[in-house]
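In what follows, a structure is listed as C-alpha coordinates, so that the remarks can point back to it.
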Amino acid sequence: MHEDPQDRTTPGLWGRIACTWAVAFAVLHFYWALGGSRGLSVSAGPLAEERPGWFVAVGLWGVGILCLVGGALGWRLARPRSRGLAGRAVTALGWGVCAVLLVRAISVEVLLMADATGQETAVSPAQRLWTLVLWNPWFLVGGLVFGLAAREYGRAAGRAGRAEDPGSAV
(Lines give C-alpha, C1' and ligand atoms only; values in the text may rest on other atoms or scores of the structure.)
Protein backbone atom coordinates (compact mmCIF):
# COMPACT_ATOMS: atom_id res chain seq x y z
CA MET A 1 0.00 0.00 0.00
CA HIS A 2 1.36 3.39 -0.99
CA GLU A 3 0.89 6.01 1.69
CA ASP A 4 0.57 9.66 0.88
CA PRO A 5 3.65 11.26 2.50
CA GLN A 6 1.69 14.51 2.90
CA ASP A 7 -1.09 12.77 4.86
CA ARG A 8 0.15 12.74 8.45
CA THR A 9 -3.23 12.34 10.15
CA THR A 10 -3.89 9.24 12.18
CA PRO A 11 -6.46 7.13 10.31
CA GLY A 12 -9.92 8.05 11.57
CA LEU A 13 -8.77 11.09 13.55
CA TRP A 14 -11.29 13.48 11.96
CA GLY A 15 -14.09 10.96 12.41
CA ARG A 16 -13.27 10.68 16.13
CA ILE A 17 -13.22 14.46 16.44
CA ALA A 18 -16.58 14.69 14.60
CA CYS A 19 -18.02 12.06 16.95
CA THR A 20 -16.76 13.97 19.99
CA TRP A 21 -18.16 17.26 18.66
CA ALA A 22 -21.61 15.76 18.09
CA VAL A 23 -21.74 13.95 21.45
CA ALA A 24 -20.69 17.15 23.26
CA PHE A 25 -23.60 18.99 21.64
CA ALA A 26 -25.93 16.10 22.53
CA VAL A 27 -24.87 16.27 26.19
CA LEU A 28 -25.45 20.03 26.22
CA HIS A 29 -28.96 19.65 24.78
CA PHE A 30 -29.82 16.85 27.23
CA TYR A 31 -28.59 19.03 30.10
CA TRP A 32 -30.95 21.78 28.94
CA ALA A 33 -33.81 19.31 28.38
CA LEU A 34 -33.44 18.06 31.95
CA GLY A 35 -33.81 21.61 33.30
CA GLY A 36 -30.29 23.05 33.09
CA SER A 37 -30.18 26.67 32.06
CA ARG A 38 -26.56 27.81 31.81
CA GLY A 39 -26.02 29.18 28.30
CA LEU A 40 -29.55 28.43 27.10
CA SER A 41 -30.86 31.99 27.40
CA VAL A 42 -28.23 33.34 25.02
CA SER A 43 -29.01 30.53 22.61
CA ALA A 44 -32.81 30.37 22.78
CA GLY A 45 -33.83 33.74 24.22
CA PRO A 46 -37.39 33.85 25.58
CA LEU A 47 -37.89 30.15 24.86
CA ALA A 48 -35.31 29.43 27.55
CA GLU A 49 -37.47 31.03 30.21
CA GLU A 50 -40.86 29.88 28.91
CA ARG A 51 -39.76 26.33 27.98
CA PRO A 52 -42.89 25.39 26.02
CA GLY A 53 -43.40 21.65 25.64
CA TRP A 54 -42.73 21.64 21.90
CA PHE A 55 -39.41 23.42 22.47
CA VAL A 56 -38.25 20.94 25.10
CA ALA A 57 -39.41 17.94 23.02
CA VAL A 58 -38.15 19.05 19.61
CA GLY A 59 -35.56 21.74 20.29
CA LEU A 60 -33.80 20.06 23.19
CA TRP A 61 -34.53 16.31 23.28
CA GLY A 62 -34.93 16.07 19.50
CA VAL A 63 -31.76 17.98 18.71
CA GLY A 64 -29.89 16.00 21.39
CA ILE A 65 -30.97 12.73 19.77
CA LEU A 66 -30.07 14.08 16.34
CA CYS A 67 -26.63 14.98 17.70
CA LEU A 68 -26.23 11.40 18.97
CA VAL A 69 -27.02 10.17 15.46
CA GLY A 70 -24.30 12.56 14.24
CA GLY A 71 -21.97 11.09 16.86
CA ALA A 72 -22.67 7.60 15.51
CA LEU A 73 -21.92 8.87 12.00
CA GLY A 74 -18.66 10.41 13.23
CA TRP A 75 -17.75 7.10 14.89
CA ARG A 76 -18.49 5.29 11.61
CA LEU A 77 -16.37 7.79 9.68
CA ALA A 78 -13.50 6.95 12.05
CA ARG A 79 -13.71 3.22 11.20
CA PRO A 80 -12.26 1.47 8.15
CA ARG A 81 -14.19 2.23 4.99
CA SER A 82 -17.03 -0.09 4.03
CA ARG A 83 -17.05 -1.26 0.43
CA GLY A 84 -19.62 -0.49 -2.19
CA LEU A 85 -22.90 1.27 -1.57
CA ALA A 86 -22.56 1.29 2.23
CA GLY A 87 -19.22 3.11 2.05
CA ARG A 88 -20.53 5.63 -0.47
CA ALA A 89 -23.62 6.22 1.72
CA VAL A 90 -21.51 6.92 4.82
CA THR A 91 -19.31 9.30 2.83
CA ALA A 92 -22.38 11.07 1.42
CA LEU A 93 -23.94 11.39 4.90
CA GLY A 94 -20.68 12.87 6.20
CA TRP A 95 -20.65 15.44 3.40
CA GLY A 96 -24.36 16.12 4.00
CA VAL A 97 -23.81 16.87 7.69
CA CYS A 98 -20.85 19.06 6.71
CA ALA A 99 -23.04 21.04 4.32
CA VAL A 100 -25.94 21.45 6.76
CA LEU A 101 -23.67 22.69 9.57
CA LEU A 102 -21.76 25.08 7.31
CA VAL A 103 -24.91 26.50 5.71
CA ARG A 104 -26.47 26.93 9.15
CA ALA A 105 -23.40 28.68 10.55
CA ILE A 106 -22.89 30.98 7.58
CA SER A 107 -26.55 31.87 7.02
CA VAL A 108 -27.23 32.70 10.66
CA GLU A 109 -24.02 34.73 10.80
CA VAL A 110 -24.97 36.70 7.68
CA LEU A 111 -28.56 37.22 8.84
CA LEU A 112 -27.49 38.51 12.25
CA MET A 113 -24.70 40.72 10.92
CA ALA A 114 -26.86 42.18 8.16
CA ASP A 115 -29.97 42.55 10.34
CA ALA A 116 -31.86 41.11 7.37
CA THR A 117 -35.29 41.86 8.79
CA GLY A 118 -34.52 45.56 9.06
CA GLN A 119 -36.81 45.86 12.04
CA GLU A 120 -36.78 45.32 15.76
CA THR A 121 -36.48 41.59 16.51
CA ALA A 122 -36.67 39.43 19.59
CA VAL A 123 -32.90 38.88 19.36
CA SER A 124 -31.24 40.85 22.14
CA PRO A 125 -27.79 42.41 21.69
CA ALA A 126 -26.37 39.81 24.11
CA GLN A 127 -27.92 36.97 22.07
CA ARG A 128 -26.58 38.46 18.87
CA LEU A 129 -23.06 38.77 20.32
CA TRP A 130 -23.02 35.25 21.79
CA THR A 131 -24.42 33.76 18.59
CA LEU A 132 -21.84 35.53 16.45
CA VAL A 133 -18.82 34.76 18.62
CA LEU A 134 -19.73 31.52 20.38
CA TRP A 135 -22.47 29.40 18.81
CA ASN A 136 -21.89 29.91 15.10
CA PRO A 137 -18.14 29.32 15.22
CA TRP A 138 -18.87 25.93 16.83
CA PHE A 139 -21.26 25.05 14.00
CA LEU A 140 -18.59 26.13 11.53
CA VAL A 141 -16.00 23.94 13.30
CA GLY A 142 -18.43 21.01 13.32
CA GLY A 143 -19.09 21.40 9.61
CA LEU A 144 -15.39 21.53 8.79
CA VAL A 145 -14.63 18.51 10.98
CA PHE A 146 -17.40 16.41 9.39
CA GLY A 147 -16.12 17.49 5.96
CA LEU A 148 -12.57 16.45 6.80
CA ALA A 149 -13.85 13.14 8.21
CA ALA A 150 -15.89 12.47 5.05
CA ARG A 151 -12.91 13.35 2.86
CA GLU A 152 -10.60 11.05 4.81
CA TYR A 153 -13.19 8.24 4.81
CA GLY A 154 -13.74 8.63 1.05
CA ARG A 155 -10.02 8.60 0.36
CA ALA A 156 -9.70 5.34 2.28
CA ALA A 157 -11.50 3.60 -0.62
CA GLY A 158 -8.87 4.87 -3.04
CA ARG A 159 -6.03 3.70 -0.81
CA ALA A 160 -7.69 0.29 -0.32
CA GLY A 161 -8.24 -0.07 -4.08
CA ARG A 162 -4.58 0.65 -4.82
CA ALA A 163 -3.49 -1.84 -2.16
CA GLU A 164 -5.65 -4.59 -3.71
CA ASP A 165 -4.35 -3.94 -7.25
CA PRO A 166 -0.56 -4.39 -7.13
CA GLY A 167 -0.30 -3.70 -10.88
CA SER A 168 -1.72 -0.20 -10.60
CA ALA A 169 0.69 2.67 -10.93
CA VAL A 170 0.36 5.30 -8.25
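Simple scheme: letters A, B, ... for chains in C-alpha coordinates order, numbers from 1 for residues in each chain, numbers from 1 for ligands in the order shown.
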
Please tabulate, as JSON lines, the residues of segment 2-116 of chain A that come within 7 Å of segment 138-141 of chain A, each with its closest pair of atoms and the distance in Å to one decimal, counting only C-alpha atoms and ordering rows by chain, then residue number upward.
{"residue": "A:Leu101", "atom": "CA", "partner": "A:Phe139", "partner_atom": "CA", "distance": 5.6}
{"residue": "A:Leu102", "atom": "CA", "partner": "A:Leu140", "partner_atom": "CA", "distance": 5.4}
{"residue": "A:Ala105", "atom": "CA", "partner": "A:Phe139", "partner_atom": "CA", "distance": 5.5}

Keeping only N, CA, C and O atoms, write the selected residues as an mmCIF file, in the first residue's frame.
data_model
loop_
_atom_site.group_PDB
_atom_site.id
_atom_site.type_symbol
_atom_site.label_atom_id
_atom_site.label_comp_id
_atom_site.auth_asym_id
_atom_site.auth_seq_id
_atom_site.Cartn_x
_atom_site.Cartn_y
_atom_site.Cartn_z
ATOM 1 N N LEU A 101 -24.283 21.887 8.500
ATOM 2 C CA LEU A 101 -23.671 22.687 9.568
ATOM 3 C C LEU A 101 -23.044 23.969 9.026
ATOM 4 O O LEU A 101 -23.171 25.034 9.644
ATOM 5 N N LEU A 102 -22.377 23.880 7.880
ATOM 6 C CA LEU A 102 -21.757 25.080 7.309
ATOM 7 C C LEU A 102 -22.803 26.081 6.833
ATOM 8 O O LEU A 102 -22.664 27.288 7.077
ATOM 9 N N ALA A 105 -24.318 27.720 9.928
ATOM 10 C CA ALA A 105 -23.404 28.683 10.546
ATOM 11 C C ALA A 105 -23.295 29.960 9.718
ATOM 12 O O ALA A 105 -23.400 31.064 10.251
#

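Take atom CA of Gly154 of chain A and atom CA of Pro137 of chain A: the distance between them is 25.5 Å.
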
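Around Val23 of chain A, within 12 Å and counting only C-alpha atoms, the residues found are Arg16, Ile17, His29, Phe30, Val63, Gly64, Ile65, Leu66, Cys67, Leu68, Val69, Gly70, Gly71, Ala72, Leu73, Gly74, Trp75 and Gly142 of chain A, once anything fewer than 6 positions away on its own chain is removed.
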
Selection from above, all heavy atoms, as a short mmCIF file (atom, residue, chain, number, x, y, z; two decimals), in the first residue's frame, can you write it?
data_model
loop_
_atom_site.label_atom_id
_atom_site.label_comp_id
_atom_site.auth_asym_id
_atom_site.auth_seq_id
_atom_site.Cartn_x
_atom_site.Cartn_y
_atom_site.Cartn_z
N ARG A 16 -13.19 10.68 14.66
CA ARG A 16 -13.27 10.68 16.13
C ARG A 16 -13.55 12.08 16.65
O ARG A 16 -14.32 12.26 17.60
CB ARG A 16 -12.00 10.10 16.74
CG ARG A 16 -11.87 8.60 16.51
CD ARG A 16 -10.77 7.97 17.33
NE ARG A 16 -9.44 8.47 17.05
CZ ARG A 16 -8.65 8.06 16.06
NH1 ARG A 16 -9.07 7.13 15.24
NH2 ARG A 16 -7.46 8.58 15.90
N ILE A 17 -12.96 13.08 16.02
CA ILE A 17 -13.22 14.46 16.44
C ILE A 17 -14.67 14.83 16.13
O ILE A 17 -15.35 15.47 16.95
CB ILE A 17 -12.22 15.44 15.78
CG1 ILE A 17 -10.80 15.17 16.30
CG2 ILE A 17 -12.63 16.88 16.04
CD1 ILE A 17 -9.72 15.92 15.55
N HIS A 29 -27.51 19.60 24.99
CA HIS A 29 -28.96 19.65 24.78
C HIS A 29 -29.72 18.81 25.79
O HIS A 29 -30.80 19.20 26.25
CB HIS A 29 -29.31 19.24 23.35
CG HIS A 29 -29.09 20.34 22.38
ND1 HIS A 29 -27.85 20.64 21.87
CD2 HIS A 29 -29.94 21.25 21.86
CE1 HIS A 29 -27.94 21.68 21.06
NE2 HIS A 29 -29.21 22.07 21.03
N PHE A 30 -29.17 17.66 26.20
CA PHE A 30 -29.82 16.85 27.23
C PHE A 30 -29.78 17.56 28.58
O PHE A 30 -30.74 17.49 29.35
CB PHE A 30 -29.20 15.46 27.31
CG PHE A 30 -29.44 14.62 26.08
CD1 PHE A 30 -28.49 13.72 25.65
CD2 PHE A 30 -30.62 14.72 25.35
CE1 PHE A 30 -28.71 12.93 24.53
CE2 PHE A 30 -30.85 13.95 24.22
CZ PHE A 30 -29.89 13.05 23.81
N VAL A 63 -33.09 17.60 19.21
CA VAL A 63 -31.76 17.98 18.71
C VAL A 63 -30.68 17.15 19.39
O VAL A 63 -29.71 16.74 18.76
CB VAL A 63 -31.52 19.50 18.89
CG1 VAL A 63 -30.07 19.86 18.59
CG2 VAL A 63 -32.46 20.29 17.99
N GLY A 64 -30.86 16.85 20.69
CA GLY A 64 -29.89 16.00 21.39
C GLY A 64 -29.80 14.62 20.76
O GLY A 64 -28.71 14.09 20.53
N ILE A 65 -30.95 14.05 20.42
CA ILE A 65 -30.97 12.73 19.77
C ILE A 65 -30.34 12.82 18.38
O ILE A 65 -29.56 11.95 17.99
CB ILE A 65 -32.40 12.17 19.73
CG1 ILE A 65 -32.85 11.81 21.15
CG2 ILE A 65 -32.50 10.97 18.80
CD1 ILE A 65 -34.33 11.54 21.29
N LEU A 66 -30.67 13.88 17.65
CA LEU A 66 -30.07 14.08 16.34
C LEU A 66 -28.55 14.21 16.45
O LEU A 66 -27.81 13.68 15.61
CB LEU A 66 -30.67 15.33 15.68
CG LEU A 66 -30.42 15.54 14.21
CD1 LEU A 66 -30.93 14.37 13.38
CD2 LEU A 66 -31.09 16.83 13.75
N CYS A 67 -28.08 14.87 17.49
CA CYS A 67 -26.63 14.98 17.70
C CYS A 67 -26.01 13.61 18.00
O CYS A 67 -24.89 13.32 17.55
CB CYS A 67 -26.33 15.95 18.84
SG CYS A 67 -26.59 17.67 18.41
N LEU A 68 -26.74 12.75 18.73
CA LEU A 68 -26.23 11.40 18.97
C LEU A 68 -26.13 10.61 17.66
O LEU A 68 -25.18 9.84 17.47
CB LEU A 68 -27.11 10.65 19.96
CG LEU A 68 -26.97 11.06 21.43
CD1 LEU A 68 -27.89 10.19 22.30
CD2 LEU A 68 -25.53 10.96 21.91
N VAL A 69 -27.10 10.80 16.78
CA VAL A 69 -27.02 10.17 15.46
C VAL A 69 -25.78 10.69 14.72
O VAL A 69 -25.04 9.91 14.09
CB VAL A 69 -28.31 10.42 14.65
CG1 VAL A 69 -28.16 9.97 13.20
CG2 VAL A 69 -29.50 9.72 15.31
N GLY A 70 -25.52 11.99 14.83
CA GLY A 70 -24.30 12.56 14.24
C GLY A 70 -23.05 11.97 14.87
O GLY A 70 -22.06 11.73 14.19
N GLY A 71 -23.10 11.73 16.19
CA GLY A 71 -21.97 11.09 16.86
C GLY A 71 -21.72 9.68 16.32
O GLY A 71 -20.57 9.28 16.12
N ALA A 72 -22.81 8.94 16.08
CA ALA A 72 -22.67 7.60 15.51
C ALA A 72 -22.07 7.67 14.11
O ALA A 72 -21.23 6.85 13.73
CB ALA A 72 -24.03 6.89 15.48
N LEU A 73 -22.49 8.68 13.33
CA LEU A 73 -21.92 8.87 12.00
C LEU A 73 -20.43 9.20 12.11
O LEU A 73 -19.61 8.65 11.37
CB LEU A 73 -22.65 9.96 11.23
CG LEU A 73 -22.06 10.33 9.87
CD1 LEU A 73 -22.07 9.13 8.92
CD2 LEU A 73 -22.81 11.51 9.26
N GLY A 74 -20.07 10.09 13.03
CA GLY A 74 -18.66 10.41 13.23
C GLY A 74 -17.85 9.18 13.61
O GLY A 74 -16.75 8.96 13.10
N TRP A 75 -18.42 8.35 14.49
CA TRP A 75 -17.75 7.10 14.89
C TRP A 75 -17.56 6.21 13.67
O TRP A 75 -16.50 5.62 13.49
CB TRP A 75 -18.58 6.40 15.97
CG TRP A 75 -18.02 5.09 16.37
CD1 TRP A 75 -17.00 4.85 17.26
CD2 TRP A 75 -18.41 3.80 15.88
NE1 TRP A 75 -16.75 3.51 17.34
CE2 TRP A 75 -17.61 2.84 16.51
CE3 TRP A 75 -19.38 3.38 14.96
CZ2 TRP A 75 -17.72 1.48 16.25
CZ3 TRP A 75 -19.50 2.02 14.71
CH2 TRP A 75 -18.69 1.10 15.35
N GLY A 142 -17.81 22.31 13.53
CA GLY A 142 -18.43 21.01 13.32
C GLY A 142 -18.57 20.67 11.85
O GLY A 142 -18.28 19.54 11.43
#

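You will find atom CA of Gly15 of chain A at 14.2 Å from atom CA of Ser82 of chain A.
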
Find the spatial neighbours of Gln127 of chain A, counting only C-alpha atoms, within a cut-off of 12 Å - ignore same-chain residues fewer than 5 positions away - and output them as an MDAnalysis selection string.
chainID A and resid 39:46 48 112 121:122 132:136

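Between Leu93 of chain A and the candidates A:Ala57, A:Leu13, A:Ala126, A:Ala149, the tightest atom-to-atom separation, counting only C-alpha atoms, involves A:Ala149.
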
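The space between atom CA of Ser37 of chain A and atom CA of Val56 of chain A spans 12.1 Å.
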